[in-house]
Amino acid sequence: MVNEKEYEYVVSAAGRVNIIGEHVDYCGGKVFPAALGMRNTVYVRPNGTNKINLSWTTLPDTVVLDIDKLDTYRALKYGNYQAGSALLWQNAGHKVIGCDMVQDCTVPFGSGLSSSAAIEVSTIAALAAVAGEHVDPVEVALTAQRAEREYAGVNCGIMDQYASACGKKGHAMLLDCKTLACEYVPVKLGDCSLVIVNCNKPHSLVESKYNERRAQTEEAFEILRKPAGISCLAELTPETFERFVHLLQGKVRDRARHVAEECERVRKAAVAMKAGDTAMLGALLNESHASLRDLYEVTGKELDALADAAQRHEACLGSRMTGGGFGGCTVSVVRTEGVADFKASVCRAYEQATGYAASCYETEIADGITVRKI
Ligand code: GLA
């Protein structure tokens, strides 16, 4: 437990669930995530030195980061995200001062719920708070994304960091990843709830597979840019895609088809959410999962087994993997009265199919960055 009174600020940023719009953010598409109550909380106070002293509520380690050598901590097992975030914030011209930080993360690591974005965003917001700066959450998100790319080596889009920083209680964000225009849409599911289940399969080689998928979409864009007259791959409608499909081959064609069709599903899902049409939303989730499995190939045996068990349950209107894939979580639209049975039966079926025990989480849709002076 942290004794709050010993610190100056408590700053937090959210994990996120993406309702739909997967692997389209880096193609300039729209995504539909929501920030979660699961988050990274940072307790921070200035310490008058040129060091950031890092500790964790859940780890015995302590790490000391020299603020004049922030580019030297890439190989740290713990603390590398914080070092990268501080470095990129400093490089953006902000003052980073010596401070003590305790980090308390309730977003499960490797769950596809963006624990890394929550860590990056909250660390930057804490550094800004302790230096007396008022932060612009969008600038924090963009800097955190740069840290993930340049320090952690994942060539990610903006979705996770944006959702972590800019989330709004009770709302999903219909975020245009090309312009960063964001429409907040109340999550109104009538007699249904969103249920998140973790397949608990440790993922491996995620960075290289992620970067490879991204490169394939870039290849498709280069081929289609002139003939289709598009300024990003996400501008492809399913109809334009069909018109130019002959120019693409193999996996690159499959990846581009996923992007075109997933973007269309996001448009429909936002309409369905606004209309309270949970049956339509659920059907779109199922289609999204199938596309991520068959065309984008980022699901894997465990996520497929989990989505399959969910989709078969009578109280479930739709289910899909959420996040980058290759492990992590599913998100499902489930009739609230059937949630308890859904969780028990899905976990049972999944364990029988794979040997892994799944975990279910409460899905509270919360704010992004919070800053409180103690
Ligand atoms: C990861 C990335 C995001 C996004 C998703 C897939 O979470 O960090 O930018 O690309 O995968 O939608």
# chains A, B, ... in the order shown; residues from 1 in each chain; ligands from 1
>>> residues_near_ligand(ligand="ligand 1", cutoff="7 Å", atoms="only C-alpha atoms and all ligand atoms", output="list in words")
Gly21, Glu22, His23, Val24, Asp25, Tyr26, Gly112, Ser114, Cys156, Gly157, Ile158, Met159, Asp160, Gly323 and Gly324 of chain A
>>> write_last_selection(atoms="N, CA, C and O atoms", output="short mmCIF file (atom, residue, chain, number, x, y, z; two decimals), in the first residue's frame")
data_model
loop_
_atom_site.label_atom_id
_atom_site.label_comp_id
_atom_site.auth_asym_id
_atom_site.auth_seq_id
_atom_site.Cartn_x
_atom_site.Cartn_y
_atom_site.Cartn_z
N GLY A 21 -12.72 -2.19 -34.76
CA GLY A 21 -11.80 -1.35 -35.54
C GLY A 21 -10.38 -1.78 -35.23
O GLY A 21 -9.58 -1.03 -34.68
N GLU A 22 -10.06 -3.05 -35.57
CA GLU A 22 -8.77 -3.61 -35.17
C GLU A 22 -7.79 -3.61 -36.34
O GLU A 22 -8.15 -3.97 -37.47
N HIS A 23 -6.55 -3.21 -36.02
CA HIS A 23 -5.49 -3.13 -37.02
C HIS A 23 -5.87 -2.21 -38.17
O HIS A 23 -5.57 -2.50 -39.33
N VAL A 24 -6.54 -1.13 -37.85
CA VAL A 24 -6.81 -0.11 -38.88
C VAL A 24 -6.29 1.26 -38.45
O VAL A 24 -6.27 2.18 -39.25
N ASP A 25 -5.88 1.41 -37.18
CA ASP A 25 -5.46 2.76 -36.74
C ASP A 25 -4.24 3.24 -37.53
O ASP A 25 -4.17 4.38 -37.96
N TYR A 26 -3.28 2.32 -37.75
CA TYR A 26 -2.08 2.73 -38.48
C TYR A 26 -2.32 2.82 -39.99
O TYR A 26 -1.40 3.13 -40.73
N GLY A 112 -3.51 -7.35 -23.94
CA GLY A 112 -4.14 -6.67 -25.06
C GLY A 112 -5.04 -5.54 -24.60
O GLY A 112 -5.83 -5.00 -25.37
N SER A 114 -3.73 -2.80 -23.23
CA SER A 114 -2.88 -1.61 -23.26
C SER A 114 -2.27 -1.20 -21.94
O SER A 114 -2.32 -0.02 -21.55
N CYS A 156 3.54 1.15 -33.48
CA CYS A 156 2.09 1.11 -33.23
C CYS A 156 1.37 2.32 -33.80
O CYS A 156 1.98 3.32 -34.16
N GLY A 157 0.05 2.21 -33.85
CA GLY A 157 -0.80 3.35 -34.20
C GLY A 157 -1.06 4.20 -32.97
O GLY A 157 -0.41 4.04 -31.93
N ILE A 158 -2.06 5.08 -33.06
CA ILE A 158 -2.32 6.03 -31.98
C ILE A 158 -3.45 5.58 -31.04
O ILE A 158 -3.67 6.16 -29.98
N MET A 159 -4.17 4.51 -31.42
CA MET A 159 -5.38 4.16 -30.68
C MET A 159 -5.17 4.02 -29.17
O MET A 159 -5.92 4.60 -28.37
N ASP A 160 -4.19 3.21 -28.77
CA ASP A 160 -4.08 2.86 -27.35
C ASP A 160 -3.74 4.07 -26.49
O ASP A 160 -4.35 4.30 -25.44
N GLY A 323 -7.56 -5.69 -29.32
CA GLY A 323 -6.15 -5.32 -29.19
C GLY A 323 -5.33 -5.90 -30.34
O GLY A 323 -5.86 -6.26 -31.39
N GLY A 324 -4.04 -6.02 -30.11
CA GLY A 324 -3.13 -6.44 -31.18
C GLY A 324 -3.26 -7.90 -31.59
O GLY A 324 -2.95 -8.27 -32.71
#
>>> closest_atom_pairs(of="segment 76-186 of chain A", to="segment 271-294 of chain A", cutoff="10 Å", atoms="only C-alpha atoms", output="Markdown table")
| residue | atom | partner | partner_atom | distance |
| --- | --- | --- | --- | --- |
| A:Ala172 | CA | A:Met273 | CA | 9.5 |
| A:Val185 | CA | A:Lys274 | CA | 7.1 |
| A:Pro186 | CA | A:Lys274 | CA | 7.6 |
>>> closest_residue(among="A:Cys199, A:Met173, A:Leu127, A:Ile374", to="Gly328 of chain A", atoms="only C-alpha atoms")
A:Cys199
>>> residues_around(residues="Cys347 of chain A", least_positions_apart="6", cutoff="8 Å", atoms="only C-alpha atoms", output="ChimeraX atom specification")
/A:357-359
>>> residues_around(residues="Thr370 of chain A", least_positions_apart="4", cutoff="7 Å", atoms="only C-alpha atoms", output="PyMOL selection string")
chain A and resi 11-13
>>> write_last_selection(atoms="C-alpha atoms", output="compact mmCIF listing (two decimals), in the first residue's frame")
# COMPACT_ATOMS: atom_id res chain seq x y z
CA VAL A 11 -1.90 10.67 -11.58
CA SER A 12 -3.46 7.84 -13.53
CA ALA A 13 -4.16 6.74 -17.08
>>> atom_distance(atom1="atom CA of Val44 of chain A", atom2="atom CA of Leu88 of chain A")
18.9 Å
>>> residues_around(residues="Glu218 of chain A", least_positions_apart="6", cutoff="12 Å", atoms="only C-alpha atoms", output="VMD selection string")
chain A and resid 24 26 to 28 211 to 212 224 to 225 231 to 234 252 to 253 255 to 256 259
>>> write_last_selection(atoms="C-alpha atoms", output="PDB file, in the first residue's frame")
ATOM      1  CA  VAL A  24      -6.813  -0.109 -38.875  1.00  0.00           C
ATOM      2  CA  TYR A  26      -2.078   2.735 -38.482  1.00  0.00           C
ATOM      3  CA  CYS A  27      -3.904   2.736 -41.832  1.00  0.00           C
ATOM      4  CA  GLY A  28      -5.654   6.017 -40.973  1.00  0.00           C
ATOM      5  CA  ASN A 211       5.461  -4.730 -37.486  1.00  0.00           C
ATOM      6  CA  GLU A 212       5.177  -7.266 -40.327  1.00  0.00           C
ATOM      7  CA  LEU A 224      -3.318   1.133 -54.600  1.00  0.00           C
ATOM      8  CA  ARG A 225      -2.542   4.768 -53.844  1.00  0.00           C
ATOM      9  CA  SER A 231      -4.558   9.048 -49.288  1.00  0.00           C
ATOM     10  CA  CYS A 232      -4.523   6.198 -46.747  1.00  0.00           C
ATOM     11  CA  LEU A 233      -5.482   2.531 -46.928  1.00  0.00           C
ATOM     12  CA  ALA A 234      -8.498   3.045 -44.659  1.00  0.00           C
ATOM     13  CA  VAL A 252      -1.101  -8.443 -48.946  1.00  0.00           C
ATOM     14  CA  ARG A 253      -4.501  -8.765 -50.626  1.00  0.00           C
ATOM     15  CA  ARG A 255      -4.625  -7.764 -45.205  1.00  0.00           C
ATOM     16  CA  ALA A 256      -6.020  -4.967 -47.381  1.00  0.00           C
ATOM     17  CA  VAL A 259      -8.754  -3.127 -43.509  1.00  0.00           C
TER      18      VAL A 259
END
>>> residues_around(residues="Leu306 of chain A", least_positions_apart="5", cutoff="9 Å", atoms="only C-alpha atoms", output="list in words")
Val197, Asn198, Cys199, Lys301, Gln311, Ser319, Arg320, Met321, Cys329, Thr330, Val346, Cys347, Ala349, Tyr350, Ala353 and Ala358 of chain A
>>> select_by_dssp(residues="segment 141-224 of chain A", states="strand (DSSP E or B)", output="list of chain:residue names")
A:His171, A:Ala172, A:Met173, A:Leu174, A:Leu175, A:Asp176, A:Cys182, A:Glu183, A:Tyr184, A:Val185, A:Pro186, A:Cys192, A:Ser193, A:Leu194, A:Val195, A:Ile196, A:Val197, A:Asn198
>>> closest_residue(among="A:Pro238, A:Gly229, A:Pro46, A:Gly318", to="Ser332 of chain A", atoms="only C-alpha atoms")
A:Gly318
>>> select_by_dssp(residues="segment 10-207 of chain A", states="alpha helix (DSSP H)", output="PyMOL selection string")
chain A and resi 80-91+115-130+137-150+159-166+206-207
>>> atom_distance(atom1="atom CA of Gln145 of chain A", atom2="atom CA of Cys105 of chain A")
18.7 Å
>>> atom_distance(atom1="atom CA of Arg265 of chain A", atom2="atom CA of Leu303 of chain A")
20.2 Å
>>> closest_residue(among="A:Lys30, A:Lys373, A:Lys343, A:Lys77", to="Glu183 of chain A", atoms="only C-alpha atoms")
A:Lys30
>>> residues_around(residues="Cys166 of chain A", least_positions_apart="4", cutoff="12 Å", atoms="only C-alpha atoms", output="MDAnalysis selection string")
chainID A and resid 12:16 33:36 117:118 121:122 125 135:142 158:162 171:175 180:184 366:370
>>> closest_residue(among="A:Thr217, A:Thr179, A:Asn40, A:Thr49", to="Val64 of chain A", atoms="only C-alpha atoms")
A:Thr49
>>> closest_residue(among="A:Glu351, A:Glu239, A:Glu297, A:Asp191", to="Ala315 of chain A", atoms="only C-alpha atoms")
A:Asp191
>>> closest_residue(among="A:Thr106, A:Ser85, A:Thr240, A:Gln216", to="Ala126 of chain A", atoms="only C-alpha atoms")
A:Ser85
